[in-house]
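Below: the structure, in structure tokens.
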Protein chains: 8
Amino acid sequence: MVAIIMGSDSDLPVMQKAADILTQLEVPFEMTIVSAHRTPGRMFQFAQTAAERGFRVVIAGAGGAAHLPGMVAAITPLPVIGVPVKSSNSIDGWDSILSILQMPEGVPVATVALNAARNAGILAAQMLGTGDPAILKRVDAYKKSLEETVLAKARKMEDR
Amino acid sequence: MVAIIMGSDSDLPVMQKAADILTQLEVPFEMTIVSAHRTPGRMFQFAQTAAERGFRVVIAGAGGAAHLPGMVAAITPLPVIGVPVKSSNSIDGWDSILSILQMPEGVPVATVALNAARNAGILAAQMLGTGDPAILKRVDAYKKSLEETVLAKARKMEDR
Amino acid sequence: MVAIIMGSDSDLPVMQKAADILTQLEVPFEMTIVSAHRTPGRMFQFAQTAAERGFRVVIAGAGGAAHLPGMVAAITPLPVIGVPVKSSNSIDGWDSILSILQMPEGVPVATVALNAARNAGILAAQMLGTGDPAILKRVDAYKKSLEETVLAKARKMEDR
Amino acid sequence: MVAIIMGSDSDLPVMQKAADILTQLEVPFEMTIVSAHRTPGRMFQFAQTAAERGFRVVIAGAGGAAHLPGMVAAITPLPVIGVPVKSSNSIDGWDSILSILQMPEGVPVATVALNAARNAGILAAQMLGTGDPAILKRVDAYKKSLEETVLAKARKMEDR
Amino acid sequence: MVAIIMGSDSDLPVMQKAADILTQLEVPFEMTIVSAHRTPGRMFQFAQTAAERGFRVVIAGAGGAAHLPGMVAAITPLPVIGVPVKSSNSIDGWDSILSILQMPEGVPVATVALNAARNAGILAAQMLGTGDPAILKRVDAYKKSLEETVLAKARKMEDR
Amino acid sequence: MVAIIMGSDSDLPVMQKAADILTQLEVPFEMTIVSAHRTPGRMFQFAQTAAERGFRVVIAGAGGAAHLPGMVAAITPLPVIGVPVKSSNSIDGWDSILSILQMPEGVPVATVALNAARNAGILAAQMLGTGDPAILKRVDAYKKSLEETVLAKARKMEDR
Amino acid sequence: MVAIIMGSDSDLPVMQKAADILTQLEVPFEMTIVSAHRTPGRMFQFAQTAAERGFRVVIAGAGGAAHLPGMVAAITPLPVIGVPVKSSNSIDGWDSILSILQMPEGVPVATVALNAARNAGILAAQMLGTGDPAILKRVDAYKKSLEETVLAKARKMEDR
Amino acid sequence: MVAIIMGSDSDLPVMQKAADILTQLEVPFEMTIVSAHRTPGRMFQFAQTAAERGFRVVIAGAGGAAHLPGMVAAITPLPVIGVPVKSSNSIDGWDSILSILQMPEGVPVATVALNAARNAGILAAQMLGTGDPAILKRVDAYKKSLEETVLAKARKMEDR
């Protein structure tokens with residue numbers, strides 16, 4: 001099971017895309033708000049109990065000085081995927097990206113592109129797919145469907 | 001099994017750290033050179049056969065206009081971890097980071113910090129750990145050993 | 001003949017300007033969608049057969065982690081012109097620019113300004129003009145027409 | 001009393017300057033290592049007990065994805081001064097600065113210049129000086145001594 | 001008492017948030033315009049008399065080449081909090097941030113995030129709280145109220 | 001024939017690589033100094049006569065506010081390749097890159113990576129190759145030799 | 001007399017402010033379009049004859065790869081003021097700023113802030129004021145009027 | 001007469017080049033240290049009396065949060081030339097550049113390239129040359145000597 005957490009409900013429009021693709025890939029998930037800065041106790045408890053509660057991957061989205069992904073990664077042994085969110089208090093997203101990406105040795109966060117929550121969902125599925133061939137197969141099929149969509153658009157452009 | 005690939009042998013001093021931590025975490029791996037730009041055919045074949053050859057995770061390091069992680073991720077359904085390398089032809093690493101991180105919807109690359117190949121290795125172990133509790137346990141023990149090291153240094157600084 | 005390719009149909013409003021100027025300069029071209037990340041096989045085949053299909057120059061536009069120009073340049077011996085597109089998933093265009101510009105030794109991409117597809121078309125004509133004086137002449141005439149336009153505007157401002 | 005904490009002993013050469021100026025300004029302090037990422041439990045406990053242990057200001061230095069100042073600020077009501085450290089794993093210091101500075105509403109960190117631990121010490125003294133005129137007086141005298149030094153150098157340059 | 005100054009009345013929509021939170025935290029303040037560049041004499045006099053007029057902390061907001069916080073800090077021994085304002089003449093806020101943050105040794109400015117005047121107000125209260133436990137208590141209560149708000153939103157999201 | 005020009009003799013160590021690869025690809029060239037800022041008359045005359053003197057492509061390298069490639073492109077109808085040089089008066093190369101790349105509509109400069117004079121030489125050969133199949137063939141062979149080199153290094157790394 | 005030139009009529013809304021302030025300061029000027037890239041011949045002739053035509057200062061505005069100010073400065077001995085314009089083809093203005101500011105030794109351009117054409121006009125008046133006390137006096141009076149405006153706004157804010 | 005001021009004696013190696021070129025151009029000058037942050041009173045007095053003391057142009061160099069040029073420009077009606085210095089406490093010079101360049105409406109600083117004190121000296125001479133033809137002539141001769149130097153180097157390179 002995948003946990004999708006975000007620092008604020010204002011991140012939901014971005015983070016919902018992670019939920020959508022996990023639904024599509026038939027990967028169960030739970031989604032909630034955990035703020036490293038406003039609910040540090042909740043964050044700590046979430047991270048300490050995530051593995052025993054059955055989560056296998058954590059997706060964490062945050063903006064500005066985005067500490068949520070890195071702090072959860074500091075506490076849980078589970079893989080953490082960080083989604084830099086271009087929130088209203090962000091400097092074009094640079095602060096979100098660097099705060100999530102530039103983690104020190106020993107505590108990685110798997111960072112995806114700015115606002116790329118859908119990719120975070122796909123990556124979570126791929127991680128689970130290392131031990132679950134059925135999930136990997138669905139990821140493969142999803143990627144092939146993307147290819148089909150582009151090929152159709154290419155034919156359409158060529159036929160103009 | 002983890003594949004560690006890099007665009008050039010000049011990336012080896014950085015990428016060796018991925019091999020070292022995987023050895024320490026008892027995760028088998030293979031390491032070689034695959035250049036997206038100079039050996040595109042080899043890159044294609046590597047990515048197309050990686051899953052069937054038994055790899056479960058790919059770690060790809062590259063510098064400058066770093067296309068290797070993203071192109072491998074475009075071809076294989078396996079999770080791909082990208083290591084931006086601050087090579088001699090890089091602009092302070094910004095080109096490496098953005099070329100690897102900013103992947104389009106549908107094709108994630110799990111990006112780690114600049115030159116952070118050790119973290120790529122840990123992340124690969126964590127991914128495999130989603131399906132293999134023994135690996136996850138070793139990651140957990142490794143993280144605890146980091147904590148011990150810092151606590152010892154803290155005591156030393158306080159005792160000055 | 002010039003090939004104009006782009007990673008997504010959302011790049012068309014930008015890339016159409018390359019087609020327009022080539023039409024104006026009487027240089028034949030074909031335009032289609034080729035995505036390095038979503039249709040890697042198609043990209044490979046396109047690049048491998050471009051020369052034998054009669055293309056002499058390739059113009060490739062892409063945004064974000066823009067791998068299309070560089071990957072085509074890795075496979076074909078033809079000159080490749082890269083157009084960094086400021087797509088919606090781009091960080092102010094920096095990612096597109098650096099992903100296209102900062103190619104390693106041996107594999108150049110002729111990069112033009114952000115969104116500057118018209119300049120890509122002119123550059124393609126200039127390249128063909130190295131072997132075809134008639135095209136070069138039309139480029140020269142086009143540049144002189146730009147000069148005329150500015151001179152007319154200058155007179156208008158001075159006469160205010 | 002002021003607490004000076006840092007994420008790693010490699011930050012000591014920078015952070016020692018905070019200790020030096022506090023000594024000079026006769027402000028008592030304690031200095032130790034607290035890593036948000038490697039000793040999250042210790043960080044939590046430090047921040048939760050800082051006020052009751054008699055600290056009135058916390059100076060926290062960290063590099064890269066620098067989460068220490070912001071996380072301590074999230075937990076303690078005390079003012080927290082953040083020192084962005086240009087560590088070896090930092091991208092010219094930009095990651096350290098943005099990770100510390102761009103805190104969300106409700107949880108400020110008083111950020112000083114890159115590597116400016118001496119200024120962090122002065123700022124801590126100024127904060128304590130809001131309630132302790134004797135400290136403020138010493139800060140004032142220190143600033144005047146800086147003025148004297150510059151004036152002497154100015155005379156020397158003019159007399160060349 | 002806290003002084004809130006700003007370089008231009010166009011900064012008021014941002015700086016008003018400092019006044020609002022100080023009102024909420026029951027910390028008295030005065031607010032006015034002081035421009036380092038257009039009223040340098042007024043700026044000088046303000047800074048020289050701030051302490052004797054009973055101010056204990058100065059909050060200064062400015063945009064572009066923002067010299068107000070640093071110049072006031074150069075003249076008064078009081079702690080100065082700088083608010084980088086993303087004004088219309090600013091380059092995405094980078095100029096405001098760097099002009100305020102990167103002060104030389106001896107003259108710190110406590111810099112908060114771009115446009116983060118509310119955090120400047122909280123920080124001013126925290127500074128005064130080092131000598132006034134009642135204020136610190138109100139800061140603590142305010143932070144707990146933020147936590148409550150987030151927890152309520154989290155429950156709401158989980159109950160969807 | 002290719003013209004290689006540079007703004008200063010301090011650019012020679014970088015620009016020599018363009019000469020070397022053109023020699024290897026058997027493309028004739030001439031190399032000299034033309035400074036847009038210090039010898040504007042010479043620059044003008046060079047650009048105005050380049051085509052009639054038999055040049056088919058111009059490679060221009062410059063650093064800092066690098067106006068040479070763009071000004072030559074403004075005057076000659078020939079294709080101009082710009083090499084941003086990270087000179088001592090450059091800000092990490094950003095000024096050189098942006099001054100060369102961001103040309104307005106109608107006046108393209110084919111920009112290559114920072115200091116990538118070898119790629120400028122290859123690109124010049126590719127441009128001439130649009131009308132001269134023998135040159136294109138030599139480019140193709142050169143690229144294949146790069147592939148061979150990388151494959152040999154890959155075998156070596158795998159055999160360790 | 002001051003010359004105000006710009007690369008395109010699209011720069012007029014910005015550059016008009018230079019004309020307005022010069023009118024207010026009673027400094028005669030002429031304004032026209034001179035494009036370094038589209039009318040290089042006109043640019044050359046303008047710069048070569050500017051001094052003999054009675055101009056004493058040149059104000060040049062341009063966007064993107066802005067070569068106009070630097071090229072005019074290369075040709076005329078007159079002081080040249082550069083106005084970086086944030087045109088539609090600019091990357092947040094960074095290209096315009098760096099292309100104008102980072103001139104090599106021997107060829108200065110007096111650069112003002114992004115879009116700050118009014119400041120360019122004031123600076124031109126100040127330059128002429130070095131030899132014409134009446135102009136300097138008017139600049140002084142203008143600056144005092146700015147002070148009055150701010151003081152009035154300050155009183156208004158304090159009286160709220 | 002020209003005033004050359006700098007914030008610290010550590011700026012002297014850069015600023016000496018302004019003195020050298022002014023000596024060569026036979027323009028009298030005085031050079032001293034004036035720190036906006038450490039000697040604000042001295043800065044104020046310098047700026048207020050500069051015109052009456054016979055200065056016609058002020059050259060001010062500073063690094064980091066460089067407030068000296070802008071503050072002097074706020075107080076004196078004389079033209080002020082700002083030299084951004086890449087000091088040890090600077091972030092690659094970006095802070096120095098933006099703090100000096102991005103001045104608000106009404107208070108221009110004529111900014112030159114990073115560390116370009118020689119250009120500041122030339123620009124000062126050009127400013128004085130608007131009212132003193134003999135100085136302008138010497139600037140013209142100096143620029144021609146630069147041209148000669150480059151032409152000689154060009155011949156040397158062509159004769160290799």
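Chain lettering (A, B, ...) mirrors the order of the structure tokens, residue numbering begins at 1 for each chain separately, and ligand numbering begins at 1 in order of display.
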Exercise for the section: Show me which bits of chain C are within 6 Å of chain F, counting only C-alpha atoms, as a PyMOL selection string. Expected result: chain C and resi 56+77+79+101-102+105-106+108+110-113+119+126-128+130-131+140
Exercise for the section: Write out as a PyMOL selection string all residues of region 105-135 of chain A that DSSP puts in helix (DSSP H, G or I) for this structure's backbone. Expected result: chain A and resi 117-129+133-135
Exercise for the section: Just give me the gap between CA of Gln16 (chain A) and CA of Gly64 (chain A) in Å, one decimal is fine. Expected result: 19.0 Å
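Excluding Asp20 (chain A) and any residue on its chain fewer than 2 positions from it, the residues at most 12 Å away by only C-alpha atoms are Ile4, Leu12, Pro13, Val14, Met15, Gln16, Lys17, Ala18, Leu22, Thr23, Gln24, Leu25, Glu26, Val27, Pro28, Phe29, Glu30, Met31, Ala117, Arg118, Asn119, Ala120, Gly121 and Ile122 of chain A.
Note that CA of Val72 (chain H) and CA of His37 (chain E) are 9.0 Å apart.
For Glu148 (chain H), the set of protein, DNA and RNA residues having any atom at most 10 Å away, when counting only C-alpha atoms and skipping those fewer than 6 positions along the same chain, is Arg38 and Thr39 of chain F; Tyr142 and Ala154 of chain H.
Backbone DSSP assigns strand (DSSP E) in region 45-118 of chain F to F:Val57, F:Val58, F:Ile59, F:Ala60, F:Gly61, F:Ala62, F:Gly63, F:Val80, F:Ile81, F:Gly82, F:Val83, F:Pro84, F:Val85, F:Ala110, F:Thr111.
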Problem - Residues within 9 Å of His67 (chain B), only C-alpha atoms, excluding chain neighbours under 4 positions, as a ChimeraX atom specification - result: /B:35-37,62-63,71-72,96,99-100 /C:65-67,70-71,99
May I have the selected residues written with N, CA, C and O atoms, as a JSON list (two decimals), in the first residue's frame?
[["chain", "number", "residue", "atom", "x", "y", "z"],
["B", 35, "SER", "N", 26.33, 4.65, -22.99],
["B", 35, "SER", "CA", 26.20, 6.06, -23.32],
["B", 35, "SER", "C", 25.01, 6.28, -24.25],
["B", 35, "SER", "O", 24.94, 5.69, -25.32],
["B", 36, "ALA", "N", 24.06, 7.11, -23.80],
["B", 36, "ALA", "CA", 22.89, 7.39, -24.65],
["B", 36, "ALA", "C", 23.32, 8.07, -25.94],
["B", 36, "ALA", "O", 22.73, 7.84, -27.00],
["B", 37, "HIS", "N", 24.36, 8.90, -25.86],
["B", 37, "HIS", "CA", 24.73, 9.73, -27.02],
["B", 37, "HIS", "C", 25.77, 9.08, -27.92],
["B", 37, "HIS", "O", 25.80, 9.32, -29.12],
["B", 62, "ALA", "N", 24.79, 10.37, -15.13],
["B", 62, "ALA", "CA", 25.25, 11.09, -16.32],
["B", 62, "ALA", "C", 25.37, 12.57, -15.99],
["B", 62, "ALA", "O", 24.75, 13.07, -15.05],
["B", 63, "GLY", "N", 26.17, 13.28, -16.81],
["B", 63, "GLY", "CA", 26.39, 14.70, -16.58],
["B", 63, "GLY", "C", 26.00, 15.54, -17.79],
["B", 63, "GLY", "O", 25.69, 15.01, -18.86],
["B", 71, "MET", "N", 16.13, 8.22, -20.98],
["B", 71, "MET", "CA", 15.90, 7.36, -22.14],
["B", 71, "MET", "C", 15.72, 5.91, -21.71],
["B", 71, "MET", "O", 14.87, 5.20, -22.25],
["B", 72, "VAL", "N", 16.49, 5.45, -20.72],
["B", 72, "VAL", "CA", 16.30, 4.10, -20.22],
["B", 72, "VAL", "C", 14.90, 3.97, -19.61],
["B", 72, "VAL", "O", 14.19, 3.00, -19.83],
["B", 96, "SER", "N", 22.84, 18.90, -15.50],
["B", 96, "SER", "CA", 22.66, 17.49, -15.18],
["B", 96, "SER", "C", 21.36, 17.29, -14.38],
["B", 96, "SER", "O", 20.57, 16.38, -14.67],
["B", 99, "SER", "N", 18.14, 18.05, -16.59],
["B", 99, "SER", "CA", 17.96, 17.06, -17.67],
["B", 99, "SER", "C", 17.43, 15.73, -17.15],
["B", 99, "SER", "O", 16.81, 14.98, -17.89],
["B", 100, "ILE", "N", 17.74, 15.42, -15.90],
["B", 100, "ILE", "CA", 17.31, 14.14, -15.34],
["B", 100, "ILE", "C", 15.98, 14.27, -14.62],
["B", 100, "ILE", "O", 15.12, 13.41, -14.71],
["C", 65, "ALA", "N", 12.66, 18.18, -19.59],
["C", 65, "ALA", "CA", 13.86, 17.37, -19.84],
["C", 65, "ALA", "C", 13.82, 16.96, -21.30],
["C", 65, "ALA", "O", 13.37, 15.88, -21.65],
["C", 66, "ALA", "N", 14.30, 17.85, -22.17],
["C", 66, "ALA", "CA", 14.11, 17.72, -23.62],
["C", 66, "ALA", "C", 15.20, 16.86, -24.22],
["C", 66, "ALA", "O", 16.29, 17.34, -24.50],
["C", 67, "HIS", "N", 14.91, 15.58, -24.42],
["C", 67, "HIS", "CA", 15.90, 14.63, -24.91],
["C", 67, "HIS", "C", 15.81, 14.39, -26.41],
["C", 67, "HIS", "O", 16.68, 13.75, -26.98],
["C", 70, "GLY", "N", 18.77, 15.80, -28.80],
["C", 70, "GLY", "CA", 20.04, 15.15, -28.52],
["C", 70, "GLY", "C", 20.06, 13.69, -28.91],
["C", 70, "GLY", "O", 21.07, 13.17, -29.40],
["C", 71, "MET", "N", 18.95, 12.99, -28.70],
["C", 71, "MET", "CA", 18.92, 11.57, -29.05],
["C", 71, "MET", "C", 18.92, 11.38, -30.56],
["C", 71, "MET", "O", 19.60, 10.48, -31.08],
["C", 99, "SER", "N", 18.90, 21.06, -21.31],
["C", 99, "SER", "CA", 18.83, 19.68, -21.79],
["C", 99, "SER", "C", 19.19, 19.56, -23.27],
["C", 99, "SER", "O", 19.63, 18.51, -23.73]]
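For the pair CA of Ile33 (chain C) and CA of Asp95 (chain B), the separation is 25.1 Å.
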